[in-house]
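Trainee: Here it is, the structure in full.
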Number of protein chains: 2
Amino acid sequence: MALKYPDGRPFQQSTPLSRSKRTSVQYGNRGMSLEQEINETNKYYRVNGIAVIHKKPIPIQIVNVDYPKRSAAVIREAYFKQPSTTDYNGVYQGHYLDFEAKETRNKTAFPLSNFHAHQVDHLKACVAQNGICFTIVRFTVLDELYLMPAATLFRYWDQQTSATGRKSIPREVIAAEGISLQYGLNPRIPYLDAVNQLIG
Amino acid sequence: MALKYPDGRPFQQSTPLSRSKRTSVQYGNRGMSLEQEINETNKYYRVNGIAVIHKKPIPIQIVNVDYPKRSAAVIREAYFKQPSTTDYNGVYQGHYLDFEAKETRNKTAFPLSNFHAHQVDHLKACVAQNGICFTIVRFTVLDELYLMPAATLFRYWDQQTSATGRKSIPREVIAAEGISLQYGLNPRIPYLDAVNQLIG
């Protein structure tokens, strides 16, 4: 059965790659979700002692739990809650990193509707504490991948309610202000190279 | 119905304090769990722009979800997973903070069984990335509260498998190597004051 988030995105639990998938090497987007690719990348960074970045668990409101004898507790009624923070955070060479990963099928711009207001507020609060904040954006159809600094998001987010405000960030702006990411074999999405540019 | 974690600890969802509770000012341990007190403290730090620290959601393995028409998705079967990281992390003045909060009714020592091996591994990996890592320890019966640096935990954790190894950290060691925390009104547990000492 296909599980979905309340907003309609498919729910994908991270599973190790099967051998057949692992041996058929293809570069570029290998049909994995961006989330899976970031999770693989983070695992590579962790295992190699490069950075400690985790995806946060999905927040759930638990209503009812069964305690069957001699077996594990079963949650029988629970609901998805809206996350109050971003999906990823962690530490890299003393820096606090905090980011979202988002895909769009749009070819010309990245819709701001991909963010909730409290996620942007969270990123602003982290930047105020000198955290390194960004979004990894994938234009799925174009197969383009960028690290977009939080400042670009904030500028477009804050202007969207003005009279001339637009509801998306143009692709050219992301290409100009962001850092292009190229797929690799290991790590799949070497976003820390872009973070080094952001810091340096 | 009382919910419990698989290890028997009671599950407490954070709820806002009722007015009656808020007006009866008592110092010291006010019958709240340490987790509730840390959550209140973090909220104070966030609202006042002092630091951005969150408790991570409980990791859940989702097996079955219902999608009733015209109402929210309901998780019908899910299981508690063992967390792979600590409960709290975030950013404070450019520093990455990562910690656990643990209570014991033991009066003479803090049992190492309060930690899982992968939590200690996680803390070691974060320290290697120059994160600020510690445990907030409460001796419930003594009503004593300490910020214990990660180094103390690591030393005792690593010796426990040796021939003369002990399975707990003596209270005197925590008192000597840690920083005593005093309850306040707001924030309830001003642990960032201790973090300043740790950094400085």
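Ligands are numbered from 1 in the order shown, residues from 1 within each chain, and chains are lettered A, B, ... in the order they appear in the structure tokens.
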Per residue of chain A within 7 Å of chain B, record the nearest atom pair and its distance in Å to one decimal, counting only C-alpha atoms, with rows in chain order and ascending residue number, as a Markdown table.

Mentor:
```
| residue | atom | partner | partner_atom | distance |
| --- | --- | --- | --- | --- |
| A:Leu3 | CA | B:Val65 | CA | 6.6 |
| A:Pro6 | CA | B:Ala73 | CA | 6.4 |
| A:Ala51 | CA | B:Gln129 | CA | 6.6 |
| A:Val52 | CA | B:Cys126 | CA | 6.4 |
| A:Lys56 | CA | B:Lys56 | CA | 6.6 |
| A:Pro57 | CA | B:Pro59 | CA | 5.2 |
| A:Ile58 | CA | B:Pro57 | CA | 6.6 |
| A:Pro59 | CA | B:Pro57 | CA | 5.2 |
| A:Val65 | CA | B:Leu3 | CA | 6.7 |
| A:Ala72 | CA | B:Pro6 | CA | 6.9 |
| A:Ala73 | CA | B:Pro6 | CA | 6.4 |
| A:Val74 | CA | B:Tyr79 | CA | 5.4 |
| A:Ile75 | CA | B:Ala78 | CA | 4.9 |
| A:Arg76 | CA | B:Arg76 | CA | 4.7 |
| A:Glu77 | CA | B:Arg76 | CA | 5.2 |
| A:Ala78 | CA | B:Ile75 | CA | 4.9 |
| A:Tyr79 | CA | B:Val74 | CA | 5.3 |
| A:Val91 | CA | B:Tyr96 | CA | 6.2 |
| A:Tyr92 | CA | B:Gln129 | CA | 5.7 |
| A:Gln93 | CA | B:Gln129 | CA | 4.7 |
| A:Gly94 | CA | B:Asn130 | CA | 4.5 |
| A:His95 | CA | B:Tyr96 | CA | 6.5 |
| A:Tyr96 | CA | B:Tyr96 | CA | 5.0 |
| A:Ala125 | CA | B:Val52 | CA | 6.8 |
| A:Cys126 | CA | B:Val52 | CA | 6.4 |
| A:Gln129 | CA | B:Gln93 | CA | 4.7 |
| A:Asn130 | CA | B:Gly94 | CA | 4.5 |
| A:Gly131 | CA | B:Gly94 | CA | 5.7 |
```

Trainee: With a distance cut-off of 9 Å and only C-alpha atoms, select the neighbouring residues of Leu153 of chain A, excluding the residue or stretch itself and same-chain residues fewer than 3 positions from it, and output the selection as a PDB file with all heavy atoms, in the first residue's frame.

Mentor:
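part-v3.pdb, written as the output of this step:
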```pdb
ATOM      1  N   LEU A 112       7.008  29.178  -3.903  1.00  0.00           N
ATOM      2  CA  LEU A 112       7.185  29.406  -2.456  1.00  0.00           C
ATOM      3  C   LEU A 112       6.222  28.565  -1.630  1.00  0.00           C
ATOM      4  O   LEU A 112       6.420  28.388  -0.420  1.00  0.00           O
ATOM      5  CB  LEU A 112       6.998  30.895  -2.144  1.00  0.00           C
ATOM      6  CG  LEU A 112       8.141  31.790  -2.638  1.00  0.00           C
ATOM      7  CD1 LEU A 112       7.726  33.257  -2.632  1.00  0.00           C
ATOM      8  CD2 LEU A 112       9.386  31.588  -1.788  1.00  0.00           C
ATOM      9  N   VAL A 120      10.129  28.847   7.508  1.00  0.00           N
ATOM     10  CA  VAL A 120      10.932  30.033   7.181  1.00  0.00           C
ATOM     11  C   VAL A 120      11.306  30.768   8.474  1.00  0.00           C
ATOM     12  O   VAL A 120      12.457  31.200   8.636  1.00  0.00           O
ATOM     13  CB  VAL A 120      10.171  30.952   6.201  1.00  0.00           C
ATOM     14  CG1 VAL A 120      10.991  32.197   5.892  1.00  0.00           C
ATOM     15  CG2 VAL A 120       9.819  30.206   4.916  1.00  0.00           C
ATOM     16  N   PHE A 134      20.127  26.763   4.391  1.00  0.00           N
ATOM     17  CA  PHE A 134      19.932  26.754   2.934  1.00  0.00           C
ATOM     18  C   PHE A 134      18.843  25.766   2.563  1.00  0.00           C
ATOM     19  O   PHE A 134      18.279  25.069   3.426  1.00  0.00           O
ATOM     20  CB  PHE A 134      21.254  26.402   2.242  1.00  0.00           C
ATOM     21  CG  PHE A 134      21.913  25.144   2.740  1.00  0.00           C
ATOM     22  CD1 PHE A 134      21.607  23.906   2.187  1.00  0.00           C
ATOM     23  CD2 PHE A 134      22.842  25.197   3.774  1.00  0.00           C
ATOM     24  CE1 PHE A 134      22.214  22.750   2.653  1.00  0.00           C
ATOM     25  CE2 PHE A 134      23.461  24.037   4.250  1.00  0.00           C
ATOM     26  CZ  PHE A 134      23.137  22.810   3.691  1.00  0.00           C
ATOM     27  N   THR A 135      18.559  25.718   1.265  1.00  0.00           N
ATOM     28  CA  THR A 135      17.636  24.717   0.727  1.00  0.00           C
ATOM     29  C   THR A 135      18.337  24.013  -0.424  1.00  0.00           C
ATOM     30  O   THR A 135      19.008  24.669  -1.230  1.00  0.00           O
ATOM     31  CB  THR A 135      16.354  25.379   0.198  1.00  0.00           C
ATOM     32  OG1 THR A 135      15.781  26.180   1.243  1.00  0.00           O
ATOM     33  CG2 THR A 135      15.330  24.336  -0.254  1.00  0.00           C
ATOM     34  N   MET A 148      20.584  26.582  -2.487  1.00  0.00           N
ATOM     35  CA  MET A 148      20.100  27.971  -2.485  1.00  0.00           C
ATOM     36  C   MET A 148      20.265  28.538  -1.072  1.00  0.00           C
ATOM     37  O   MET A 148      19.706  27.993  -0.119  1.00  0.00           O
ATOM     38  CB  MET A 148      18.626  28.002  -2.893  1.00  0.00           C
ATOM     39  CG  MET A 148      17.992  29.376  -2.775  1.00  0.00           C
ATOM     40  SD  MET A 148      16.296  29.414  -3.419  1.00  0.00           S
ATOM     41  CE  MET A 148      15.390  28.646  -2.086  1.00  0.00           C
ATOM     42  N   PRO A 149      21.037  29.624  -0.920  1.00  0.00           N
ATOM     43  CA  PRO A 149      21.244  30.191   0.425  1.00  0.00           C
ATOM     44  C   PRO A 149      19.928  30.695   1.013  1.00  0.00           C
ATOM     45  O   PRO A 149      19.017  31.094   0.279  1.00  0.00           O
ATOM     46  CB  PRO A 149      22.192  31.373   0.176  1.00  0.00           C
ATOM     47  CG  PRO A 149      22.714  31.208  -1.208  1.00  0.00           C
ATOM     48  CD  PRO A 149      21.712  30.403  -1.963  1.00  0.00           C
ATOM     49  N   ALA A 150      19.845  30.706   2.334  1.00  0.00           N
ATOM     50  CA  ALA A 150      18.620  31.132   3.009  1.00  0.00           C
ATOM     51  C   ALA A 150      18.257  32.572   2.653  1.00  0.00           C
ATOM     52  O   ALA A 150      17.075  32.912   2.562  1.00  0.00           O
ATOM     53  CB  ALA A 150      18.792  30.977   4.521  1.00  0.00           C
ATOM     54  N   TYR A 156      12.590  36.541  -1.241  1.00  0.00           N
ATOM     55  CA  TYR A 156      11.383  36.258  -2.021  1.00  0.00           C
ATOM     56  C   TYR A 156      10.196  35.966  -1.113  1.00  0.00           C
ATOM     57  O   TYR A 156       9.057  36.327  -1.431  1.00  0.00           O
ATOM     58  CB  TYR A 156      11.643  35.117  -3.017  1.00  0.00           C
ATOM     59  CG  TYR A 156      12.287  35.645  -4.272  1.00  0.00           C
ATOM     60  CD1 TYR A 156      13.661  35.829  -4.338  1.00  0.00           C
ATOM     61  CD2 TYR A 156      11.505  36.023  -5.360  1.00  0.00           C
ATOM     62  CE1 TYR A 156      14.251  36.359  -5.468  1.00  0.00           C
ATOM     63  CE2 TYR A 156      12.084  36.557  -6.497  1.00  0.00           C
ATOM     64  CZ  TYR A 156      13.457  36.717  -6.546  1.00  0.00           C
ATOM     65  OH  TYR A 156      14.031  37.263  -7.672  1.00  0.00           O
ATOM     66  N   TRP A 157      10.447  35.317   0.004  1.00  0.00           N
ATOM     67  CA  TRP A 157       9.362  35.020   0.939  1.00  0.00           C
ATOM     68  C   TRP A 157       8.730  36.320   1.458  1.00  0.00           C
ATOM     69  O   TRP A 157       7.503  36.455   1.489  1.00  0.00           O
ATOM     70  CB  TRP A 157       9.887  34.197   2.113  1.00  0.00           C
ATOM     71  CG  TRP A 157       8.807  33.797   3.075  1.00  0.00           C
ATOM     72  CD1 TRP A 157       8.441  34.444   4.223  1.00  0.00           C
ATOM     73  CD2 TRP A 157       7.935  32.680   2.950  1.00  0.00           C
ATOM     74  NE1 TRP A 157       7.405  33.794   4.831  1.00  0.00           N
ATOM     75  CE2 TRP A 157       7.060  32.698   4.067  1.00  0.00           C
ATOM     76  CE3 TRP A 157       7.793  31.642   2.010  1.00  0.00           C
ATOM     77  CZ2 TRP A 157       6.074  31.742   4.267  1.00  0.00           C
ATOM     78  CZ3 TRP A 157       6.809  30.687   2.213  1.00  0.00           C
ATOM     79  CH2 TRP A 157       5.957  30.749   3.338  1.00  0.00           C
ATOM     80  N   ASP A 158       9.571  37.276   1.827  1.00  0.00           N
ATOM     81  CA  ASP A 158       9.075  38.503   2.452  1.00  0.00           C
ATOM     82  C   ASP A 158       8.355  39.411   1.461  1.00  0.00           C
ATOM     83  O   ASP A 158       7.507  40.198   1.859  1.00  0.00           O
ATOM     84  CB  ASP A 158      10.231  39.267   3.120  1.00  0.00           C
ATOM     85  CG  ASP A 158      10.779  38.511   4.331  1.00  0.00           C
ATOM     86  OD1 ASP A 158      10.069  37.619   4.855  1.00  0.00           O
ATOM     87  OD2 ASP A 158      11.920  38.802   4.755  1.00  0.00           O
ATOM     88  N   ILE A 169      10.306  31.737  -6.832  1.00  0.00           N
ATOM     89  CA  ILE A 169      11.657  32.255  -7.052  1.00  0.00           C
ATOM     90  C   ILE A 169      12.086  31.824  -8.459  1.00  0.00           C
ATOM     91  O   ILE A 169      12.114  30.621  -8.741  1.00  0.00           O
ATOM     92  CB  ILE A 169      12.644  31.699  -6.009  1.00  0.00           C
ATOM     93  CG1 ILE A 169      12.075  31.858  -4.593  1.00  0.00           C
ATOM     94  CG2 ILE A 169      14.006  32.366  -6.141  1.00  0.00           C
ATOM     95  CD1 ILE A 169      12.929  31.224  -3.505  1.00  0.00           C
TER      96      ILE A 169
END
```

Trainee: Any chance you could list, as a PDB file with C-alpha atoms, in the first residue's frame, the residues in segment 32-119 of chain A that come up strand (DSSP E) when DSSP is run on the backbone?

Mentor:
```pdb
ATOM      1  CA  VAL A  52      26.875  14.484  11.489  1.00  0.00           C
ATOM      2  CA  ILE A  53      23.628  15.379   9.719  1.00  0.00           C
ATOM      3  CA  HIS A  54      20.343  13.563  10.300  1.00  0.00           C
ATOM      4  CA  LYS A  55      16.851  13.786   8.926  1.00  0.00           C
ATOM      5  CA  ILE A  60       3.239  12.291  14.975  1.00  0.00           C
ATOM      6  CA  GLN A  61       0.424  12.903  17.458  1.00  0.00           C
ATOM      7  CA  ILE A  62      -0.185   9.588  19.187  1.00  0.00           C
ATOM      8  CA  VAL A  63      -3.730   8.938  20.391  1.00  0.00           C
ATOM      9  CA  ASN A  64      -3.943   5.233  21.114  1.00  0.00           C
ATOM     10  CA  VAL A  65      -1.388   2.494  21.786  1.00  0.00           C
ATOM     11  CA  ASP A  66      -1.887  -1.223  22.360  1.00  0.00           C
ATOM     12  CA  VAL A  74       1.538  -1.054  18.613  1.00  0.00           C
ATOM     13  CA  ILE A  75       0.362   2.453  17.829  1.00  0.00           C
ATOM     14  CA  ARG A  76      -3.271   2.054  16.784  1.00  0.00           C
ATOM     15  CA  GLU A  77      -4.299   5.656  16.258  1.00  0.00           C
ATOM     16  CA  ALA A  78      -2.008   8.559  15.419  1.00  0.00           C
ATOM     17  CA  TYR A  79      -2.008  11.596  13.165  1.00  0.00           C
ATOM     18  CA  PHE A  80       0.606  13.454  11.157  1.00  0.00           C
ATOM     19  CA  TYR A  88      17.673  18.225   8.269  1.00  0.00           C
ATOM     20  CA  ASN A  89      20.142  19.552  10.795  1.00  0.00           C
ATOM     21  CA  GLY A  90      23.478  18.710  12.295  1.00  0.00           C
ATOM     22  CA  VAL A  91      27.086  19.716  12.781  1.00  0.00           C
ATOM     23  CA  TYR A  92      29.964  20.148  10.326  1.00  0.00           C
ATOM     24  CA  HIS A  95      29.137  24.832  12.177  1.00  0.00           C
ATOM     25  CA  TYR A  96      25.449  24.267  12.760  1.00  0.00           C
ATOM     26  CA  LEU A  97      23.762  23.274   9.487  1.00  0.00           C
ATOM     27  CA  ASP A  98      20.010  23.462   8.951  1.00  0.00           C
ATOM     28  CA  PHE A  99      18.232  22.858   5.661  1.00  0.00           C
ATOM     29  CA  GLU A 100      15.308  21.628   3.648  1.00  0.00           C
ATOM     30  CA  ALA A 101      15.389  19.557   0.459  1.00  0.00           C
ATOM     31  CA  LYS A 102      12.684  20.289  -2.103  1.00  0.00           C
ATOM     32  CA  GLU A 103      11.856  19.146  -5.614  1.00  0.00           C
ATOM     33  CA  THR A 104       9.698  20.868  -8.201  1.00  0.00           C
ATOM     34  CA  ALA A 109      10.658  28.897 -11.039  1.00  0.00           C
ATOM     35  CA  PHE A 110      10.534  27.379  -7.577  1.00  0.00           C
ATOM     36  CA  PRO A 111       7.091  27.900  -5.961  1.00  0.00           C
TER      37      PRO A 111
END
```

Trainee: For each of A:Thr108, A:Thr140, A:Tyr191, A:Gly200, take the minimum atom-to-atom distance to Ala175 of chain A, counting only C-alpha atoms, then give the residue where this is smallest.

Mentor: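 Answer, going by the shortest atom-to-atom distance: A:Thr108.
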
Trainee: Could you please determine the separation between atom CA of Tyr146 of chain B and atom CA of Leu181 of chain B in Å, to one decimal place?

Mentor: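 Separation between atom CA of Tyr146 of chain B and atom CA of Leu181 of chain B: 5.3 Å.
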
Trainee: By how many Å are atom CA of Asn39 of chain B and atom CA of Pro187 of chain B apart?

Mentor: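 Distance reported for this atom pair: 10.2 Å.
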
Trainee: From a DSSP pass on the backbone, collect the residues of chain B flagged as helix (DSSP H, G or I) and hand them back as a VMD selection string.

Mentor: chain B and resid 19 to 23 34 to 47 112 to 114 117 to 128 150 to 159 171 to 177 191 to 199

Trainee: Just want the 8 Å neighbourhood of Arg188 of chain A, counted on only C-alpha atoms, with same-chain residues fewer than 2 positions away dropped. Output as a VMD selection string.

Mentor: chain A and resid 37 to 38 40 to 41 183 to 186 190

Trainee: Could you please take those selected residues and save C-alpha atoms as a CSV table (one decimal), in the first residue's frame?

Mentor:
```csv
chain,number,residue,atom,x,y,z
A,37,GLU,CA,19.6,10.8,-2.1
A,38,ILE,CA,20.2,13.3,0.7
A,40,GLU,CA,22.4,8.4,1.4
A,41,THR,CA,24.7,11.4,1.2
A,183,TYR,CA,25.6,14.3,-8.9
A,184,GLY,CA,28.5,12.1,-7.8
A,185,LEU,CA,28.8,8.4,-7.1
A,186,ASN,CA,29.7,8.7,-3.4
A,190,PRO,CA,28.2,16.5,-2.4
```

Trainee: What gap, in Å, lies between atom CA of Phe139 of chain A and atom CA of Ser162 of chain A?

Mentor: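 Here the two named atoms are 26.3 Å from each other.
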
Trainee: With only C-alpha atoms as the atoms that count, which of A:Leu34, A:Leu147, A:Ala117, A:Cys133 lies nearest to Gly178 of chain A?

Mentor: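 Going through A:Leu34, A:Leu147, A:Ala117, A:Cys133 one by one, the smallest distance to Gly178 of chain A is for A:Leu147.
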
Trainee: Closest to Leu192 of chain A among A:Gln119, A:Lys124, A:Tyr44, A:Met32, using only C-alpha atoms?

Mentor: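 Using only C-alpha atoms, Leu192 of chain A sits closest to A:Tyr44.
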